[in-house]
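Undergrad: Handing over data.pdb, PDB, C-alpha atoms.
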```pdb
ATOM      1  CA  MET A   1       0.000   0.000   0.000
ATOM      2  CA  ARG A   2       1.371   3.372  -0.982
ATOM      3  CA  LYS A   3       1.729   5.989   1.719
ATOM      4  CA  ARG A   4      -0.370   9.071   1.302
ATOM      5  CA  LYS A   5       1.619  12.167   0.539
ATOM      6  CA  ARG A   6       1.348  14.643   3.371
ATOM      7  CA  ILE A   7      -0.183  17.939   2.319
ATOM      8  CA  LYS A   8       2.112  20.854   3.054
ATOM      9  CA  GLY A   9       0.712  23.105   5.733
ATOM     10  CA  ASN A  10      -1.842  20.551   6.999
ATOM     11  CA  GLY A  11      -0.123  20.316  10.390
ATOM     12  CA  SER A  12      -0.363  24.068  10.811
ATOM     13  CA  ARG A  13      -4.076  24.057   9.958
ATOM     14  CA  GLN A  14      -4.722  21.277  12.477
ATOM     15  CA  ARG A  15      -2.835  23.222  15.140
ATOM     16  CA  ILE A  16      -4.952  26.339  14.515
ATOM     17  CA  LYS A  17      -8.142  24.262  14.721
ATOM     18  CA  ARG A  18      -7.027  22.806  18.074
ATOM     19  CA  GLU A  19      -6.197  26.274  19.432
ATOM     20  CA  ASN A  20      -9.559  27.692  18.326
ATOM     21  CA  LYS A  21     -11.402  24.738  19.830
ATOM     22  CA  LYS A  22      -9.555  25.234  23.114
ATOM     23  CA  GLU A  23     -10.482  28.948  23.167
ATOM     24  CA  LYS A  24     -14.157  28.026  22.770
ATOM     25  CA  GLU A  25     -13.935  25.361  25.498
ATOM     26  CA  ASP A  26     -12.249  27.854  27.844
ATOM     27  CA  LEU A  27     -15.064  30.332  27.189
ATOM     28  CA  LEU A  28     -17.693  27.725  28.044
ATOM     29  CA  GLU A  29     -15.822  26.769  31.253
ATOM     30  CA  ARG A  30     -15.956  30.431  32.320
ATOM     31  CA  GLY A  31     -19.734  30.322  31.993
ATOM     32  CA  GLY A  32     -19.885  32.065  28.633
ATOM     33  CA  GLU A  33     -21.862  31.108  25.572
ATOM     34  CA  TYR A  34     -20.527  30.520  22.101
ATOM     35  CA  GLU A  35     -23.352  31.961  20.031
ATOM     36  CA  MET A  36     -23.754  31.714  16.290
ATOM     37  CA  ASN A  37     -23.530  35.114  14.602
ATOM     38  CA  MET A  38     -22.825  36.662  11.201
ATOM     39  CA  PHE A  39     -19.078  36.074  11.626
ATOM     40  CA  THR A  40     -19.190  32.533  13.027
ATOM     41  CA  ARG A  41     -17.794  30.955   9.849
ATOM     42  CA  THR A  42     -14.908  33.451   9.869
ATOM     43  CA  GLU A  43     -14.220  32.960  13.564
ATOM     44  CA  VAL A  44     -13.900  29.214  13.022
ATOM     45  CA  LEU A  45     -10.816  29.992  10.923
ATOM     46  CA  LEU A  46      -9.394  33.068  12.632
ATOM     47  CA  GLY A  47     -10.355  32.570  16.270
ATOM     48  CA  PRO A  48     -12.120  34.842  18.809
ATOM     49  CA  GLU A  49      -9.090  37.005  19.618
ATOM     50  CA  LYS A  50      -8.475  37.839  15.961
ATOM     51  CA  MET A  51     -12.158  38.671  15.451
ATOM     52  CA  GLN A  52     -12.009  41.056  18.390
ATOM     53  CA  ARG A  53      -8.980  42.801  16.856
ATOM     54  CA  LEU A  54     -10.830  43.162  13.559
ATOM     55  CA  LYS A  55     -13.864  44.593  15.336
ATOM     56  CA  GLN A  56     -11.683  47.201  17.025
ATOM     57  CA  ALA A  57      -9.765  48.068  13.839
ATOM     58  CA  ARG A  58     -10.227  51.205  11.747
ATOM     59  CA  VAL A  59      -9.350  50.909   8.060
ATOM     60  CA  ALA A  60      -9.372  53.687   5.465
ATOM     61  CA  VAL A  61     -10.189  52.767   1.865
ATOM     62  CA  PHE A  62      -9.210  55.422  -0.643
ATOM     63  CA  GLY A  63     -11.120  54.852  -3.880
ATOM     64  CA  VAL A  64     -14.395  52.908  -3.876
ATOM     65  CA  GLY A  65     -14.526  51.746  -7.484
ATOM     66  CA  GLY A  66     -13.760  48.513  -9.301
ATOM     67  CA  VAL A  67     -10.971  47.529  -6.895
ATOM     68  CA  GLY A  68     -11.859  49.523  -3.791
ATOM     69  CA  GLY A  69     -15.492  48.450  -3.753
ATOM     70  CA  TYR A  70     -14.438  44.833  -3.291
ATOM     71  CA  VAL A  71     -11.938  45.829  -0.609
ATOM     72  CA  VAL A  72     -14.800  47.428   1.308
ATOM     73  CA  GLU A  73     -17.071  44.435   0.721
ATOM     74  CA  ALA A  74     -14.573  41.882   2.042
ATOM     75  CA  LEU A  75     -13.551  44.021   5.026
ATOM     76  CA  ALA A  76     -17.177  44.518   6.022
ATOM     77  CA  ARG A  77     -17.886  40.791   5.740
ATOM     78  CA  SER A  78     -14.754  40.051   7.796
ATOM     79  CA  GLY A  79     -15.902  42.126  10.759
ATOM     80  CA  ILE A  80     -13.836  45.305  10.505
ATOM     81  CA  GLY A  81     -15.424  47.641  13.066
ATOM     82  CA  THR A  82     -14.767  51.042  11.486
ATOM     83  CA  LEU A  83     -14.359  51.934   7.822
ATOM     84  CA  ASP A  84     -13.440  55.312   6.356
ATOM     85  CA  LEU A  85     -14.475  55.528   2.693
ATOM     86  CA  ILE A  86     -12.943  58.229   0.505
ATOM     87  CA  ASP A  87     -14.147  58.909  -3.050
ATOM     88  CA  SER A  88     -15.698  61.918  -4.791
ATOM     89  CA  ASP A  89     -17.133  59.989  -7.725
ATOM     90  CA  LYS A  90     -20.733  59.014  -8.436
ATOM     91  CA  VAL A  91     -21.966  55.694  -9.799
ATOM     92  CA  SER A  92     -22.323  55.816 -13.580
ATOM     93  CA  LEU A  93     -23.732  53.534 -16.241
ATOM     94  CA  THR A  94     -20.246  52.362 -17.289
ATOM     95  CA  ASN A  95     -19.548  51.141 -13.740
ATOM     96  CA  LEU A  96     -22.188  48.407 -13.995
ATOM     97  CA  ASN A  97     -19.856  45.949 -15.707
ATOM     98  CA  ARG A  98     -17.476  45.586 -12.760
ATOM     99  CA  GLN A  99     -18.216  47.634  -9.608
ATOM    100  CA  ILE A 100     -20.008  45.841  -6.794
ATOM    101  CA  ILE A 101     -21.793  48.996  -5.619
ATOM    102  CA  ALA A 102     -23.003  49.794  -9.136
ATOM    103  CA  LEU A 103     -26.654  48.849  -9.706
ATOM    104  CA  GLN A 104     -29.417  50.391 -11.753
ATOM    105  CA  SER A 105     -30.776  51.687  -8.456
ATOM    106  CA  THR A 106     -27.495  53.367  -7.424
ATOM    107  CA  ILE A 107     -26.664  55.195 -10.683
ATOM    108  CA  GLY A 108     -26.134  58.876  -9.913
ATOM    109  CA  ARG A 109     -25.483  58.329  -6.218
ATOM    110  CA  TYR A 110     -22.145  59.021  -4.555
ATOM    111  CA  LYS A 111     -20.140  55.814  -4.408
ATOM    112  CA  VAL A 112     -19.296  56.293  -0.753
ATOM    113  CA  ASP A 113     -22.986  56.655   0.118
ATOM    114  CA  ALA A 114     -23.904  53.498  -1.795
ATOM    115  CA  ALA A 115     -20.998  51.646  -0.175
ATOM    116  CA  LYS A 116     -21.946  52.818   3.322
ATOM    117  CA  GLU A 117     -25.532  51.662   2.837
ATOM    118  CA  ARG A 118     -24.278  48.270   1.665
ATOM    119  CA  VAL A 119     -21.852  47.889   4.589
ATOM    120  CA  LEU A 120     -24.542  48.697   7.152
ATOM    121  CA  ASP A 121     -26.911  46.252   5.464
ATOM    122  CA  ILE A 122     -24.245  43.596   6.032
ATOM    123  CA  ASN A 123     -23.213  44.664   9.523
ATOM    124  CA  PRO A 124     -25.463  47.231  11.247
ATOM    125  CA  GLU A 125     -22.938  47.535  14.077
ATOM    126  CA  ALA A 126     -20.166  48.843  11.811
ATOM    127  CA  GLN A 127     -19.076  52.471  11.956
ATOM    128  CA  VAL A 128     -18.761  53.981   8.471
ATOM    129  CA  ASN A 129     -17.335  57.446   7.819
ATOM    130  CA  VAL A 130     -17.636  58.862   4.305
ATOM    131  CA  TYR A 131     -15.635  61.598   2.592
ATOM    132  CA  LYS A 132     -16.819  62.875  -0.783
ATOM    133  CA  VAL A 133     -13.434  64.202  -1.847
ATOM    134  CA  PHE A 134     -10.829  63.406  -4.493
ATOM    135  CA  TYR A 135      -7.622  62.540  -2.639
ATOM    136  CA  LEU A 136      -4.812  64.848  -3.760
ATOM    137  CA  PRO A 137      -2.030  66.798  -2.020
ATOM    138  CA  GLU A 138      -4.525  69.663  -1.617
ATOM    139  CA  THR A 139      -6.969  67.475   0.351
ATOM    140  CA  ALA A 140      -4.428  65.336   2.209
ATOM    141  CA  GLU A 141      -4.616  67.481   5.359
ATOM    142  CA  MET A 142      -8.219  66.377   5.872
ATOM    143  CA  PHE A 143      -7.003  62.975   7.031
ATOM    144  CA  ASP A 144      -5.172  62.050  10.219
ATOM    145  CA  PHE A 145      -3.414  58.821   9.327
ATOM    146  CA  THR A 146      -2.451  58.122  12.936
ATOM    147  CA  LYS A 147      -6.095  57.177  13.555
ATOM    148  CA  TYR A 148      -5.963  54.312  11.095
ATOM    149  CA  ASP A 149      -4.827  50.752  11.701
ATOM    150  CA  TYR A 150      -4.458  50.155   7.960
ATOM    151  CA  VAL A 151      -4.802  52.075   4.698
ATOM    152  CA  ALA A 152      -5.989  50.635   1.382
ATOM    153  CA  ASP A 153      -4.996  52.604  -1.723
ATOM    154  CA  ALA A 154      -7.354  51.889  -4.605
ATOM    155  CA  ILE A 155      -7.183  55.238  -6.397
ATOM    156  CA  ASP A 156      -6.067  55.820  -9.977
ATOM    157  CA  THR A 157      -3.810  58.863  -9.963
ATOM    158  CA  VAL A 158      -0.062  58.586  -9.421
ATOM    159  CA  THR A 159       0.014  61.891  -7.527
ATOM    160  CA  GLY A 160      -2.574  60.653  -5.052
ATOM    161  CA  LYS A 161      -0.965  57.248  -4.656
ATOM    162  CA  LEU A 162       2.414  58.801  -3.907
ATOM    163  CA  MET A 163       0.882  61.147  -1.336
ATOM    164  CA  LEU A 164      -0.904  58.227   0.351
ATOM    165  CA  ALA A 165       2.355  56.284   0.570
ATOM    166  CA  GLU A 166       4.159  59.301   2.023
ATOM    167  CA  CYS A 167       1.462  60.058   4.602
ATOM    168  CA  ALA A 168       1.189  56.435   5.715
ATOM    169  CA  CYS A 169       4.973  56.174   5.954
ATOM    170  CA  ARG A 170       5.213  59.293   8.123
ATOM    171  CA  ALA A 171       2.414  58.071  10.392
ATOM    172  CA  GLY A 172       3.881  54.575  10.670
ATOM    173  CA  VAL A 173       0.636  53.037   9.415
ATOM    174  CA  PRO A 174       0.642  49.932   7.186
ATOM    175  CA  ILE A 175      -0.616  50.504   3.662
ATOM    176  CA  ILE A 176      -1.314  48.300   0.659
ATOM    177  CA  SER A 177      -1.597  49.808  -2.807
ATOM    178  CA  SER A 178      -3.292  48.529  -5.941
ATOM    179  CA  MET A 179      -1.374  48.836  -9.172
ATOM    180  CA  GLY A 180      -3.006  48.765 -12.614
ATOM    181  CA  ALA A 181      -6.086  46.548 -13.053
ATOM    182  CA  GLY A 182      -7.387  48.044 -16.295
ATOM    183  CA  ASN A 183      -6.809  46.604 -19.779
ATOM    184  CA  LYS A 184      -6.312  43.122 -18.304
ATOM    185  CA  THR A 185      -8.249  39.859 -18.544
ATOM    186  CA  ASP A 186      -6.142  37.353 -16.539
ATOM    187  CA  ALA A 187      -7.372  37.314 -12.954
ATOM    188  CA  CYS A 188      -4.740  34.698 -12.061
ATOM    189  CA  ALA A 189      -1.820  37.019 -12.822
ATOM    190  CA  PHE A 190      -2.031  39.070  -9.621
ATOM    191  CA  GLN A 191       0.734  38.887  -7.047
ATOM    192  CA  VAL A 192       1.504  40.541  -3.722
ATOM    193  CA  ALA A 193       4.992  42.002  -3.465
ATOM    194  CA  ASP A 194       7.060  44.964  -2.445
ATOM    195  CA  ILE A 195       6.910  47.695  -5.080
ATOM    196  CA  TYR A 196      10.631  47.266  -5.798
ATOM    197  CA  GLU A 197      10.106  43.603  -6.680
ATOM    198  CA  THR A 198       7.414  44.271  -9.299
ATOM    199  CA  SER A 199       7.710  43.923 -13.052
ATOM    200  CA  VAL A 200       5.618  44.253 -16.238
ATOM    201  CA  CYS A 201       3.019  46.664 -14.768
ATOM    202  CA  PRO A 202       3.499  50.176 -16.258
ATOM    203  CA  LEU A 203       1.983  51.889 -13.198
ATOM    204  CA  ALA A 204       4.301  49.995 -10.863
ATOM    205  CA  LYS A 205       7.275  51.154 -12.943
ATOM    206  CA  VAL A 206       6.310  54.797 -12.461
ATOM    207  CA  MET A 207       5.655  54.244  -8.755
ATOM    208  CA  ARG A 208       9.059  52.609  -8.252
ATOM    209  CA  ARG A 209      10.821  55.571  -9.798
ATOM    210  CA  GLU A 210       8.861  58.229  -7.926
ATOM    211  CA  LEU A 211       8.942  56.486  -4.547
ATOM    212  CA  LYS A 212      12.711  56.103  -4.829
ATOM    213  CA  LYS A 213      13.012  59.864  -5.393
ATOM    214  CA  ARG A 214      11.020  60.426  -2.199
ATOM    215  CA  GLY A 215      13.136  58.075  -0.124
ATOM    216  CA  ILE A 216      10.355  55.550   0.467
ATOM    217  CA  SER A 217      12.029  52.153   0.613
ATOM    218  CA  HIS A 218       9.000  49.892   0.963
ATOM    219  CA  LEU A 219       5.411  49.693  -0.263
ATOM    220  CA  LYS A 220       3.265  46.574  -0.253
ATOM    221  CA  VAL A 221       1.329  46.285  -3.506
ATOM    222  CA  VAL A 222      -1.013  44.030  -5.454
ATOM    223  CA  TYR A 223       0.030  44.009  -9.101
ATOM    224  CA  SER A 224      -0.479  41.966 -12.252
ATOM    225  CA  LYS A 225       2.234  40.334 -14.328
ATOM    226  CA  GLU A 226      -0.081  40.334 -17.329
ATOM    227  CA  THR A 227       0.980  42.602 -20.176
ATOM    228  CA  PRO A 228      -1.779  45.210 -20.604
ATOM    229  CA  ILE A 229      -3.980  44.842 -23.673
ATOM    230  CA  THR A 230      -4.241  47.807 -26.012
ATOM    231  CA  PRO A 231      -7.953  48.696 -25.910
ATOM    232  CA  ALA A 232     -10.024  49.429 -28.980
ATOM    233  CA  GLU A 233     -10.766  53.084 -29.728
ATOM    234  CA  SER A 234     -13.876  54.247 -27.883
ATOM    235  CA  GLY A 235     -13.655  57.984 -28.504
ATOM    236  CA  GLU A 236     -13.947  58.609 -24.750
ATOM    237  CA  GLU A 237     -11.312  59.660 -22.243
ATOM    238  CA  ALA A 238     -10.763  59.336 -18.501
ATOM    239  CA  LEU A 239      -8.454  61.772 -16.715
ATOM    240  CA  GLY A 240      -7.191  62.950 -20.088
ATOM    241  CA  ARG A 241      -6.262  59.443 -21.248
ATOM    242  CA  PRO A 242      -8.046  56.937 -23.516
ATOM    243  CA  LEU A 243     -10.768  55.115 -21.598
ATOM    244  CA  PRO A 244      -9.257  51.856 -20.237
ATOM    245  CA  GLY A 245     -11.000  48.542 -20.809
ATOM    246  CA  SER A 246     -12.238  46.507 -17.851
ATOM    247  CA  VAL A 247     -14.034  43.277 -16.979
ATOM    248  CA  SER A 248     -15.859  42.131 -13.865
ATOM    249  CA  PHE A 249     -13.445  39.379 -12.877
ATOM    250  CA  VAL A 250     -10.109  41.263 -12.739
ATOM    251  CA  PRO A 251     -10.414  44.371 -10.511
ATOM    252  CA  SER A 252     -12.634  42.380  -8.164
ATOM    253  CA  VAL A 253      -9.860  39.834  -7.608
ATOM    254  CA  ALA A 254      -7.323  42.597  -6.943
ATOM    255  CA  GLY A 255      -9.659  44.087  -4.333
ATOM    256  CA  LEU A 256     -10.279  40.772  -2.604
ATOM    257  CA  ILE A 257      -6.537  40.073  -2.471
ATOM    258  CA  MET A 258      -5.943  43.484  -0.918
ATOM    259  CA  ALA A 259      -8.618  42.863   1.711
ATOM    260  CA  GLY A 260      -7.158  39.438   2.465
ATOM    261  CA  GLU A 261      -3.730  40.949   3.085
ATOM    262  CA  ILE A 262      -5.223  43.568   5.400
ATOM    263  CA  ILE A 263      -7.103  40.941   7.414
ATOM    264  CA  LYS A 264      -3.992  38.770   7.709
ATOM    265  CA  ASP A 265      -1.819  41.704   8.809
ATOM    266  CA  LEU A 266      -4.143  43.138  11.455
TER     267      LEU A 266
END
```
Now, as a test, write the supplied structure out as structure tokens.
TA:
Amino acid sequence: MRKRKRIKGNGSRQRIKRENKKEKEDLLERGGEYEMNMFTRTEVLLGPEKMQRLKQARVAVFGVGGVGGYVVEALARSGIGTLDLIDSDKVSLTNLNRQIIALQSTIGRYKVDAAKERVLDINPEAQVNVYKVFYLPETAEMFDFTKYDYVADAIDTVTGKLMLAECACRAGVPIISSMGAGNKTDACAFQVADIYETSVCPLAKVMRRELKKRGISHLKVVYSKETPITPAESGEEALGRPLPGSVSFVPSVAGLIMAGEIIKDL
């Protein structure tokens, strides 16, 4: 009889299960009750202490679009207690193909308002602060980064992304930044790395150069190793550039990866 090949990491998973089970047994011995709730399935994996840390955490999500909307969604469903949502944009018809907050019923509404309503429909106990501003050096003073436990950068402009990295660095707050997700169709090409270990992505190339000039030696990013596709001419522009192509299954994956990294790090 052939021996079964041991799955790598199985011992670690079993150890975590035993520790979580012991925490629940200890709670029962102290006269407490282990009640089922909206986060029970998550707690089974992460444990009560981790869930309490997530409940007490405050995370700022800059940009609530194709990537950022899914960051917000996953953080809310993971039990993050306080979310700050920053975006000046409104839901438009062209957002329907990929943005989780974009519905026929939300077209014309501010994205942060639609996202807040969705978060509170998931977890009524969450605290959600909304800022209808476009994050730039001129608006950076509105935000005290020392209040945040984590920052998620899901905005499009290089200027804003650089300012976010600088502010987070000065405040000593962890930050994760999304690189380019437009003009791509391979959802499996995303990786998590330090900005200085990235390749292929044109946005990451610019960020590497500019961050080096500013003396920032580290930035955790989610980026794609897929070569961007040249989109067909649409006659429309965004931020002075040809309108990028997008699909539902690429920016969503980037956002979920970002949220996963935040949850693991907290």
Undergrad: In Å, how far is it from CA of Val158 in chain A to CA of Val59 in chain A?
TA: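 Distance between the two atoms: 21.2 Å.
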Undergrad: Out of A:Gly255, A:Arg109, A:Leu243, A:Leu266, which residue has the shortest atom-to-atom distance to Ser177 in chain A when counting all atoms listed in the file?
TA: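 Once distances to Ser177 in chain A are computed over all atoms listed in the file, the minimum belongs to A:Gly255.
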Undergrad: For the atom pair CA of Lys161 in chain A and CA of Ala102 in chain A, what is the interatomic distance in Å to one decimal place?
TA: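 Between CA of Lys161 in chain A and CA of Ala102 in chain A the gap is 23.7 Å.
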Undergrad: For the structure provided, state which residues fall under the PyMOL selection byres ((chain A and resi 176) around 9), and present them as a list in words.
TA: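 Applying the expression gives Tyr150, Val151, Ala152, Asp153, Ala154, Ala165, Pro174, Ile175, Ser177, Ser178, Leu219, Lys220, Val221, Val222, Met258, Glu261 and Ile262 of chain A.
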Undergrad: Find the residue from A:Val64, A:Ile195, A:Met163, A:Leu96 that sits nearest to Tyr110 in chain A; use all atoms listed in the file when measuring.
TA: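 Among the listed residues, the smallest separation from Tyr110 in chain A belongs to A:Val64.
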Undergrad: Taking all atoms listed in the file into account, name the residue in A:Cys188, A:Ile101, A:Ile86, A:Ile107 that is nearest to Ile257 in chain A.
TA: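 The shortest atom-to-atom distance to Ile257 in chain A comes from A:Cys188.
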Undergrad: For CA of Ser252 in chain A and CA of Ala187 in chain A, quote the distance in Å rounded to one decimal.
TA: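 Going from CA of Ser252 in chain A over to CA of Ala187 in chain A, I get 8.7 Å.
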Undergrad: Would you mind listing what lies within 12 Å of Val253 in chain A as a ChimeraX atom specification, with only C-alpha atoms counted and same-chain residues fewer than 3 positions away left out?
TA: /A:66-71,73-74,98-100,178,181,184-191,222-224,247-250,256-260
Undergrad: Which residue is closest to Phe62 in chain A? Choose from A:Ile216, A:Leu211, A:Leu93, A:Ile155 and count only C-alpha atoms.
TA: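 Distance minimum relative to Phe62 in chain A lands on A:Ile155.
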Undergrad: Can you translate the PyMOL selection byres ((chain A and resi 208) around 12) into the concrete residues it hits in this file, as an NGL selection string?
TA: :A and (158 or 161-162 or 165 or 179 or 194-199 or 201-207 or 209-221)
Undergrad: With the PyMOL selection byres ((chain A and resi 51) around 12) as the selection, what would be picked from this file? Answer as a PyMOL selection string, please.
TA: chain A and resi 20+37-50+52-57+75+77-81+263-264+266
Undergrad: When distances are computed from all atoms listed in the file, which of A:Val192, A:Phe145, A:Gly182, A:Asn97 shows the smallest separation from Cys169 in chain A?
TA: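 When distances to Cys169 in chain A are compared using all atoms listed in the file, the smallest one comes from A:Phe145.
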Undergrad: Pick from A:Val61, A:Leu136, A:Ala126, A:Val173: nearest to Val112 in chain A, with all atoms listed in the file counted?
TA: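 Of all the options, A:Val61 lies closest to Val112 in chain A.
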Undergrad: Do you know which residues are at most 10 Å from Met142 in chain A counting only C-alpha atoms, after dropping those on the same chain fewer than 3 positions away, and could you put them as a list of chain:residue names?
TA: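 Counting only C-alpha atoms, the residues come to A:Tyr131, A:Val133, A:Tyr135, A:Glu138, A:Thr139, A:Phe145.
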Undergrad: Can you write out the residues you just picked, keeping C-alpha atoms, as a compact mmCIF listing (two decimals), keeping the file's coordinate frame?
TA:
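Written file, part11.txt:
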```txt
# COMPACT_ATOMS: atom_id res chain seq x y z
CA TYR A 131 -15.64 61.60 2.59
CA VAL A 133 -13.43 64.20 -1.85
CA TYR A 135 -7.62 62.54 -2.64
CA GLU A 138 -4.53 69.66 -1.62
CA THR A 139 -6.97 67.47 0.35
CA PHE A 145 -3.41 58.82 9.33
```
Undergrad: Which residues come within 6 Å of Asp87 in chain A, counting all atoms listed in the file, excluding same-chain residues fewer than 6 positions away, as a list in words?
TA: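 Listing them by chain and then by number gives Gly63, Lys132, Val133 and Phe134 of chain A.
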Undergrad: Mind listing whatever residues come within 7 Å of the point (-9.1, 53.2, -25.9)? Use all atoms listed in the file, file coordinates, and give them as a PyMOL selection string.
TA: chain A and resi 231-234+242-244
